[in-house]
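Participant: Here it is, the structure in full.
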Amino acid sequence: MTEKRYVYADNAATTRVLPQILEAMTPYYLEEFGNASSGLYSYGQRARAALEDARARCAKMLGCDAEELYFTSGGTESDNWAILGALRAKKDKKHVISSSIEHPAVRNTLLRLEKEEGYEITWLPVYEEGIVRVEDLEAALRDDTALVCVMYANNEIGTIQPIRELAAIAHAKKVPFFCDAVQAVGHVDLDLHELGVDLLSLSGHKLHTPKGIGALYIKKGMWIKNLIEGGGQEKRKRSGTENVAGAVALATALEYMCGEEGKRERERILALRETLIDGLLEIPHVRLNGDRTRRLPGNVNVSCRFIEGEGLIMWLDLMGVAASTGSACSTASLDPSHVLLAIGLPHEIAHGSLRLTLDVDNTEEDVEFILDAVKKTLERLRAMSPLCQE
Amino acid sequence: MYSEKVMDHFQNPRNVGTIADANGVGEVGNAKCGDIMKIFLKIEDDVIVDVKFQTFGCGAAIATSSMATELIKGKPISEALTLTNKAVVEALDGLPPVKLHCSVLAEEAVKSAIADYYTKIGREIDFDLGCGGCCDHCDHH
């Protein structure tokens, strides 16, 4: 272990705050720290102006109106608010349709509604490719369906769902559509008015802001109940002192990630992803999880036979690579990720999964380094595996 | 998350491999639950003269296998049979609660290998084997 190099390849977990984003937000901590709701004096007024400017900039990059964007603490809050707020706004309907690969922020919210509030949830299958089929949604819609929730892109296998088509199907039956786009915003071309969803959640720290800022898009005409009560901030929809610095960071991040430079970066990252996938698939007994083309530009998820993911991640860390796994060996249930099981992987293959997520900081050298580290780690772990007889 | 001892045994596992002329082999756990331990014993005059292991599993599974083999190497069978999962955990300076099942597997792997030896020499198995993970229920470890 002489290498000092360390490659961060877990950008789906969180990303580094980019210097220009930190720089843009810092004045709102050090100088313009006023409360955006203290409008009687200039500090508050300037904070308010910065907040609304940030909202308008975010809206422009997302293709929506500023009035349709509400700042929140992040993806989990936005997901909870969208689901609970939409369902509590029409209590007579008790059926929800979702996909079988949702993030826990959506999945566990729905599971609790099923357990405690009498909701019935239909989990749409995603097949081997990890993608929901439009005809399955069509067949699942009922008169008492209150909401459809399908994520834009999966956080583990990166597969991109046909959101526009799915939303159109739901709307044909007058059912609102919520999309958790936490993994997608800033990483794919996304125009909210074109997309046609009623609710969409996003999080800043997946696109290089600090943790603690996110947003919920609520389409004009869509009415949902509040999740958080208090001082009536965000047009009485989401209480809590406004995170002005966070909003500025989110606006700066969206302008970068969805702008020309960000789009060029996506192309570069996509090429890195392809090199990484090709290299990994050259290793014996490694398979790609999820559709190869309909996936996020930076997402790689493979299963490595005969080994278990936790040991793989720990060893990769020692080798200088940060990655993640869907093996839930550290959770009480010992069940591997529901996403990997949903694409039909047997438990023992799911336990050996490896997720590498690339982003703007990653280079070709990183990919070479990762490939070398994964090869050496697999050799080592397979040599001690009773399942591997080679 | 893990103690230095666990990390040491994970990074530098002792006694990894197989023994061609082993006279006691035990395998516990199952791939579905994400951990399998296989222990090979070379027993002479009721003394464990050599021991090797192979493990499919997490960091804790590898470390507990390694430590268990260290604790029984060179010991008489009677002593190896008194090895408890608790002793393995203590020798590793503790394990996170969700990983305690790995130490249970290590204890059971040792017992399973000794039981195999007993069977081979026609001796009655007079100790409890534990569940060994054969039931296919991951929460029963």
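Going by the structure tokens order, chains are called A, B, ..., each with residues numbered from 1, while ligands are numbered from 1 in the order shown.
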Please check the contacts: residues of chain A at most 12 Å away from chain B, using only C-alpha atoms, listed as a ChimeraX atom specification.

Facilitator: /A:1,305-319,325-336,341,345-353,377-378,380-389

Participant: Where in region 21-116 of chain B does DSSP assign alpha helix (DSSP H), given as a ChimeraX atom specification?

Facilitator: /B:59-72,77-80,85-91,100-116

Participant: Go through region 324-384 of chain A residue by residue and, counting only C-alpha atoms, keep those with an atom at most 12 Å from region 243-262 of chain A; for each kept residue give the shortest atom pair and its distance in Å to one decimal, ordered by chain and increasing number, as JSON lines.

Facilitator:
{"residue": "A:Asp359", "atom": "CA", "partner": "A:Gly262", "partner_atom": "CA", "distance": 10.3}
{"residue": "A:Val360", "atom": "CA", "partner": "A:Gly262", "partner_atom": "CA", "distance": 8.3}
{"residue": "A:Asp361", "atom": "CA", "partner": "A:Gly262", "partner_atom": "CA", "distance": 11.8}

Participant: Mind pulling up the distance from CA of Thr363 (chain A) to CA of Leu272 (chain A)?

Facilitator: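 Distance between the two atoms: 7.4 Å.
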
Participant: Excluding Gly240 (chain A) and residues on its chain fewer than 6 positions from it, collect all residues at most 9 Å away from it, counting only C-alpha atoms, and give them as a list in words.

Facilitator: Thr72, Ile228, Glu229, Gly230, Gly231, Gly232, Gln233 and Glu234 of chain A

Participant: The selected residues should be written to file as a compact mmCIF listing (two decimals), in the first residue's frame (atoms: N, CA, C and O atoms).

Facilitator:
# COMPACT_ATOMS: atom_id res chain seq x y z
N THR A 72 -36.61 23.73 0.58
CA THR A 72 -36.76 22.83 1.73
C THR A 72 -35.36 22.51 2.26
O THR A 72 -34.36 23.03 1.79
N ILE A 228 -44.79 21.06 7.33
CA ILE A 228 -44.16 21.75 8.47
C ILE A 228 -44.90 23.04 8.75
O ILE A 228 -45.03 23.90 7.87
N GLU A 229 -45.41 23.17 9.95
CA GLU A 229 -46.12 24.39 10.36
C GLU A 229 -45.20 25.27 11.19
O GLU A 229 -44.27 24.78 11.83
N GLY A 230 -45.47 26.54 11.17
CA GLY A 230 -44.64 27.47 11.95
C GLY A 230 -44.96 28.90 11.56
O GLY A 230 -46.13 29.29 11.47
N GLY A 231 -43.92 29.63 11.26
CA GLY A 231 -44.05 31.06 11.01
C GLY A 231 -44.58 31.44 9.64
O GLY A 231 -44.66 32.63 9.32
N GLY A 232 -44.92 30.48 8.84
CA GLY A 232 -45.57 30.77 7.56
C GLY A 232 -44.67 31.24 6.44
O GLY A 232 -45.09 31.90 5.50
N GLN A 233 -43.41 30.84 6.50
CA GLN A 233 -42.50 31.21 5.41
C GLN A 233 -42.87 30.45 4.12
O GLN A 233 -43.70 29.55 4.14
N GLU A 234 -42.19 30.79 3.05
CA GLU A 234 -42.45 30.19 1.74
C GLU A 234 -43.96 30.23 1.39
O GLU A 234 -44.60 29.22 1.14

Participant: For region 73-83 of chain B, work out the shell of residues within 7 Å, counting only C-alpha atoms and skipping chain neighbours fewer than 4 positions away, then give it as an mmCIF file with C-alpha atoms, in the first residue's frame.

Facilitator:
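Wrote result.cif, looks like this:
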data_model
loop_
_atom_site.group_PDB
_atom_site.id
_atom_site.type_symbol
_atom_site.label_atom_id
_atom_site.label_comp_id
_atom_site.auth_asym_id
_atom_site.auth_seq_id
_atom_site.Cartn_x
_atom_site.Cartn_y
_atom_site.Cartn_z
ATOM 1 C CA ASP B 46 -6.912 -34.842 19.305
ATOM 2 C CA VAL B 47 -4.816 -31.725 18.851
ATOM 3 C CA ILE B 48 -5.484 -29.160 16.107
ATOM 4 C CA VAL B 49 -2.060 -29.043 14.490
ATOM 5 C CA ASP B 50 -3.181 -26.912 11.569
ATOM 6 C CA VAL B 51 -6.218 -24.842 10.647
ATOM 7 C CA THR B 69 -8.603 -19.963 13.731
ATOM 8 C CA ALA B 87 -14.481 -15.061 23.280
ATOM 9 C CA GLU B 107 -17.975 -20.546 16.654
ATOM 10 C CA LYS B 111 -17.787 -26.941 15.921
#

Participant: Do you have the CA of Glu364 (chain A)-CA of Ile277 (chain A) distance handy?

Facilitator: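 Computing it gives 12.8 Å between the two atoms.
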
Participant: If you run DSSP on the backbone, which residues of chain B are strand (DSSP E or B), as a JSON list (two decimals) with N, CA, C and O atoms, in the first residue's frame?

Facilitator:
[["chain", "number", "residue", "atom", "x", "y", "z"],
["B", 16, "VAL", "N", -5.52, -18.11, 6.11],
["B", 16, "VAL", "CA", -6.43, -18.21, 4.95],
["B", 16, "VAL", "C", -5.99, -19.37, 4.07],
["B", 16, "VAL", "O", -4.79, -19.57, 3.85],
["B", 24, "GLY", "N", -10.97, -32.71, 9.20],
["B", 24, "GLY", "CA", -12.20, -32.13, 9.71],
["B", 24, "GLY", "C", -12.52, -30.87, 8.93],
["B", 24, "GLY", "O", -11.71, -29.95, 8.91],
["B", 25, "VAL", "N", -13.65, -30.85, 8.22],
["B", 25, "VAL", "CA", -14.02, -29.68, 7.43],
["B", 25, "VAL", "C", -15.44, -29.27, 7.80],
["B", 25, "VAL", "O", -16.34, -30.11, 7.82],
["B", 26, "GLY", "N", -15.62, -28.01, 8.11],
["B", 26, "GLY", "CA", -16.95, -27.53, 8.45],
["B", 26, "GLY", "C", -17.31, -26.30, 7.65],
["B", 26, "GLY", "O", -16.47, -25.44, 7.43],
["B", 27, "GLU", "N", -18.57, -26.25, 7.19],
["B", 27, "GLU", "CA", -19.02, -25.07, 6.45],
["B", 27, "GLU", "C", -20.36, -24.63, 7.02],
["B", 27, "GLU", "O", -21.28, -25.44, 7.14],
["B", 28, "VAL", "N", -20.45, -23.37, 7.39],
["B", 28, "VAL", "CA", -21.72, -22.84, 7.92],
["B", 28, "VAL", "C", -22.08, -21.55, 7.19],
["B", 28, "VAL", "O", -21.25, -20.94, 6.52],
["B", 29, "GLY", "N", -23.35, -21.14, 7.40],
["B", 29, "GLY", "CA", -23.84, -19.94, 6.74],
["B", 29, "GLY", "C", -24.38, -20.28, 5.37],
["B", 29, "GLY", "O", -24.36, -21.44, 4.95],
["B", 30, "ASN", "N", -24.88, -19.28, 4.67],
["B", 30, "ASN", "CA", -25.29, -19.51, 3.29],
["B", 30, "ASN", "C", -25.16, -18.21, 2.50],
["B", 30, "ASN", "O", -25.18, -17.12, 3.07],
["B", 35, "ASP", "N", -23.08, -14.58, 4.10],
["B", 35, "ASP", "CA", -21.84, -15.07, 4.70],
["B", 35, "ASP", "C", -21.75, -16.59, 4.79],
["B", 35, "ASP", "O", -22.69, -17.26, 5.20],
["B", 36, "ILE", "N", -20.61, -17.08, 4.38],
["B", 36, "ILE", "CA", -20.30, -18.51, 4.46],
["B", 36, "ILE", "C", -18.90, -18.63, 5.04],
["B", 36, "ILE", "O", -17.99, -17.93, 4.60],
["B", 37, "MET", "N", -18.75, -19.50, 6.03],
["B", 37, "MET", "CA", -17.42, -19.76, 6.58],
["B", 37, "MET", "C", -17.12, -21.23, 6.44],
["B", 37, "MET", "O", -17.94, -22.09, 6.76],
["B", 38, "LYS", "N", -15.90, -21.51, 5.97],
["B", 38, "LYS", "CA", -15.48, -22.89, 5.81],
["B", 38, "LYS", "C", -14.16, -23.05, 6.55],
["B", 38, "LYS", "O", -13.23, -22.28, 6.35],
["B", 39, "ILE", "N", -14.13, -24.00, 7.45],
["B", 39, "ILE", "CA", -12.92, -24.21, 8.26],
["B", 39, "ILE", "C", -12.36, -25.61, 8.01],
["B", 39, "ILE", "O", -13.10, -26.60, 7.96],
["B", 40, "PHE", "N", -11.04, -25.66, 7.80],
["B", 40, "PHE", "CA", -10.34, -26.92, 7.56],
["B", 40, "PHE", "C", -9.44, -27.21, 8.76],
["B", 40, "PHE", "O", -8.66, -26.36, 9.16],
["B", 41, "LEU", "N", -9.54, -28.41, 9.31],
["B", 41, "LEU", "CA", -8.72, -28.78, 10.47],
["B", 41, "LEU", "C", -7.83, -29.97, 10.14],
["B", 41, "LEU", "O", -8.26, -30.90, 9.44],
["B", 42, "LYS", "N", -6.61, -29.90, 10.62],
["B", 42, "LYS", "CA", -5.72, -31.07, 10.58],
["B", 42, "LYS", "C", -5.53, -31.46, 12.05],
["B", 42, "LYS", "O", -4.91, -30.71, 12.83],
["B", 43, "ILE", "N", -6.10, -32.58, 12.40],
["B", 43, "ILE", "CA", -6.08, -32.99, 13.80],
["B", 43, "ILE", "C", -5.21, -34.23, 13.98],
["B", 43, "ILE", "O", -5.34, -35.21, 13.22],
["B", 44, "GLU", "N", -4.28, -34.16, 14.92],
["B", 44, "GLU", "CA", -3.44, -35.30, 15.27],
["B", 44, "GLU", "C", -3.50, -35.51, 16.77],
["B", 44, "GLU", "O", -3.28, -34.55, 17.53],
["B", 47, "VAL", "N", -5.32, -33.10, 18.79],
["B", 47, "VAL", "CA", -4.82, -31.72, 18.85],
["B", 47, "VAL", "C", -4.92, -31.10, 17.45],
["B", 47, "VAL", "O", -4.59, -31.76, 16.45],
["B", 48, "ILE", "N", -5.36, -29.86, 17.40],
["B", 48, "ILE", "CA", -5.48, -29.16, 16.11],
["B", 48, "ILE", "C", -4.09, -28.67, 15.71],
["B", 48, "ILE", "O", -3.63, -27.64, 16.21],
["B", 49, "VAL", "N", -3.43, -29.41, 14.86],
["B", 49, "VAL", "CA", -2.06, -29.04, 14.49],
["B", 49, "VAL", "C", -2.04, -27.99, 13.38],
["B", 49, "VAL", "O", -1.08, -27.24, 13.24],
["B", 50, "ASP", "N", -3.10, -27.96, 12.60],
["B", 50, "ASP", "CA", -3.18, -26.91, 11.57],
["B", 50, "ASP", "C", -4.64, -26.56, 11.32],
["B", 50, "ASP", "O", -5.54, -27.40, 11.47],
["B", 51, "VAL", "N", -4.86, -25.31, 10.95],
["B", 51, "VAL", "CA", -6.22, -24.84, 10.65],
["B", 51, "VAL", "C", -6.15, -23.78, 9.55],
["B", 51, "VAL", "O", -5.24, -22.96, 9.52],
["B", 52, "LYS", "N", -7.10, -23.87, 8.64],
["B", 52, "LYS", "CA", -7.20, -22.85, 7.58],
["B", 52, "LYS", "C", -8.68, -22.49, 7.40],
["B", 52, "LYS", "O", -9.56, -23.27, 7.79],
["B", 53, "PHE", "N", -8.92, -21.33, 6.81],
["B", 53, "PHE", "CA", -10.32, -20.97, 6.56],
["B", 53, "PHE", "C", -10.50, -20.28, 5.20],
["B", 53, "PHE", "O", -9.54, -19.72, 4.65],
["B", 54, "GLN", "N", -11.74, -20.37, 4.74],
["B", 54, "GLN", "CA", -12.18, -19.57, 3.59],
["B", 54, "GLN", "C", -13.48, -18.90, 4.01],
["B", 54, "GLN", "O", -14.33, -19.55, 4.62],
["B", 55, "THR", "N", -13.64, -17.64, 3.68],
["B", 55, "THR", "CA", -14.86, -16.93, 4.06],
["B", 55, "THR", "C", -15.37, -16.06, 2.92],
["B", 55, "THR", "O", -14.61, -15.35, 2.28],
["B", 56, "PHE", "N", -16.69, -16.19, 2.71],
["B", 56, "PHE", "CA", -17.42, -15.27, 1.85],
["B", 56, "PHE", "C", -18.23, -14.42, 2.81],
["B", 56, "PHE", "O", -19.06, -14.96, 3.54],
["B", 76, "PRO", "N", -5.88, -28.52, 21.99],
["B", 76, "PRO", "CA", -6.60, -29.79, 21.96],
["B", 76, "PRO", "C", -8.06, -29.56, 21.56],
["B", 76, "PRO", "O", -8.59, -28.45, 21.81]]

Participant: Can you list, as a list in words, every protein, DNA or RNA residue that comes within 8 Å of region 2-17 of chain A when you count only C-alpha atoms, leaving out same-chain residues fewer than 6 positions away?

Facilitator: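 Those residues are Asn155, Glu156, Gln183, His205, Lys206, Leu207, His208, Thr209, Pro210, Asn299, Met319, Gly320, Val321, Ala322, Ala323, Ser324, Arg355, Leu356, Thr357, Leu358, Asp359, Asn362, Asp366, Phe369 and Ile370 of chain A.
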
Participant: Fewer than 2 positions away in the same chain doesn't count, so skip those; otherwise give me all residues within 9 Å of Ala68 (chain B), counting only C-alpha atoms, as a PyMOL selection string.

Facilitator: chain B and resi 63-66+70-73+83+85+87-88+103+106-107+110

Participant: Using only C-alpha atoms for the distances, tell me which of B:Asp45, B:Asp116, B:Asp8, B:Glu108 is nearest to Leu129 (chain B).

Facilitator: B:Glu108

Participant: Between CA of Phe177 (chain A) and CA of Tyr127 (chain A), what is the distance, to one decimal in Å?

Facilitator: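 Between CA of Phe177 (chain A) and CA of Tyr127 (chain A) the gap works out to 21.5 Å.
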
Participant: Mind checking which residues fall within 9 Å of region 28-35 of chain A, counting only C-alpha atoms, ignoring those fewer than 3 positions away in the same chain, and posting them as a list in words?

Facilitator: Ala24, Met25, Ser38, Gly39, Ser42, Tyr43, Gly44, Gln45, Arg46, Ala47, Arg48, Ala50, Thr241, Glu242, Asn243, Val244, Ala245, Gly246 and Val248 of chain A

Participant: Would you mind exporting the chosen residues as a tab-separated table (two decimals), in the first residue's frame, restricted to N, CA, C and O atoms?

Facilitator:
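Okay, this is what ended up in selection07.tsv:
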chain	number	residue	atom	x	y	z
A	24	ALA	N	-20.09	31.89	-3.73
A	24	ALA	CA	-21.33	32.63	-3.97
A	24	ALA	C	-22.20	32.71	-2.72
A	24	ALA	O	-22.92	33.69	-2.51
A	25	MET	N	-22.14	31.69	-1.89
A	25	MET	CA	-23.03	31.66	-0.73
A	25	MET	C	-22.44	32.30	0.52
A	25	MET	O	-23.18	32.72	1.41
A	38	SER	N	-37.64	39.28	7.88
A	38	SER	CA	-37.61	40.52	8.66
A	38	SER	C	-37.56	41.69	7.69
A	38	SER	O	-36.52	42.32	7.50
A	39	GLY	N	-38.68	41.97	7.08
A	39	GLY	CA	-38.72	42.88	5.95
A	39	GLY	C	-38.75	44.35	6.30
A	39	GLY	O	-38.78	45.20	5.41
A	42	SER	N	-33.32	46.94	6.30
A	42	SER	CA	-32.61	46.64	5.06
A	42	SER	C	-31.93	45.27	5.05
A	42	SER	O	-31.87	44.61	4.01
A	43	TYR	N	-31.43	44.81	6.21
A	43	TYR	CA	-30.80	43.48	6.23
A	43	TYR	C	-31.78	42.40	5.74
A	43	TYR	O	-31.46	41.56	4.90
A	44	GLY	N	-33.00	42.50	6.31
A	44	GLY	CA	-34.02	41.53	5.93
A	44	GLY	C	-34.42	41.68	4.47
A	44	GLY	O	-34.62	40.70	3.76
A	45	GLN	N	-34.50	42.93	4.04
A	45	GLN	CA	-34.91	43.17	2.65
A	45	GLN	C	-33.88	42.63	1.66
A	45	GLN	O	-34.24	42.06	0.63
A	46	ARG	N	-32.62	42.83	2.01
A	46	ARG	CA	-31.57	42.33	1.11
A	46	ARG	C	-31.55	40.80	1.09
A	46	ARG	O	-31.34	40.18	0.05
A	47	ALA	N	-31.78	40.20	2.26
A	47	ALA	CA	-31.83	38.73	2.31
A	47	ALA	C	-33.01	38.23	1.48
A	47	ALA	O	-32.90	37.25	0.73
A	48	ARG	N	-34.14	38.90	1.61
A	48	ARG	CA	-35.33	38.53	0.82
A	48	ARG	C	-35.03	38.64	-0.68
A	48	ARG	O	-35.37	37.74	-1.45
A	50	ALA	N	-32.20	38.44	-2.16
A	50	ALA	CA	-31.27	37.37	-2.56
A	50	ALA	C	-32.01	36.04	-2.69
A	50	ALA	O	-31.77	35.26	-3.61
A	241	THR	N	-37.18	29.41	9.12
A	241	THR	CA	-36.40	30.53	8.61
A	241	THR	C	-35.71	30.15	7.31
A	241	THR	O	-35.08	29.10	7.22
A	242	GLU	N	-35.83	31.00	6.33
A	242	GLU	CA	-35.32	30.69	4.99
A	242	GLU	C	-33.80	30.53	5.00
A	242	GLU	O	-33.09	31.33	5.60
A	243	ASN	N	-33.34	29.53	4.30
A	243	ASN	CA	-31.91	29.25	4.16
A	243	ASN	C	-31.41	30.01	2.92
A	243	ASN	O	-31.29	29.46	1.83
A	244	VAL	N	-31.15	31.29	3.12
A	244	VAL	CA	-30.79	32.15	1.99
A	244	VAL	C	-29.48	31.68	1.34
A	244	VAL	O	-29.40	31.54	0.12
A	245	ALA	N	-28.48	31.42	2.18
A	245	ALA	CA	-27.20	30.97	1.63
A	245	ALA	C	-27.37	29.67	0.84
A	245	ALA	O	-26.79	29.49	-0.23
A	246	GLY	N	-28.18	28.78	1.39
A	246	GLY	CA	-28.44	27.50	0.70
A	246	GLY	C	-29.13	27.72	-0.63
A	246	GLY	O	-28.80	27.08	-1.63
A	248	VAL	N	-28.99	30.37	-2.50
A	248	VAL	CA	-28.01	30.95	-3.42
A	248	VAL	C	-27.09	29.85	-3.95
A	248	VAL	O	-26.76	29.80	-5.15
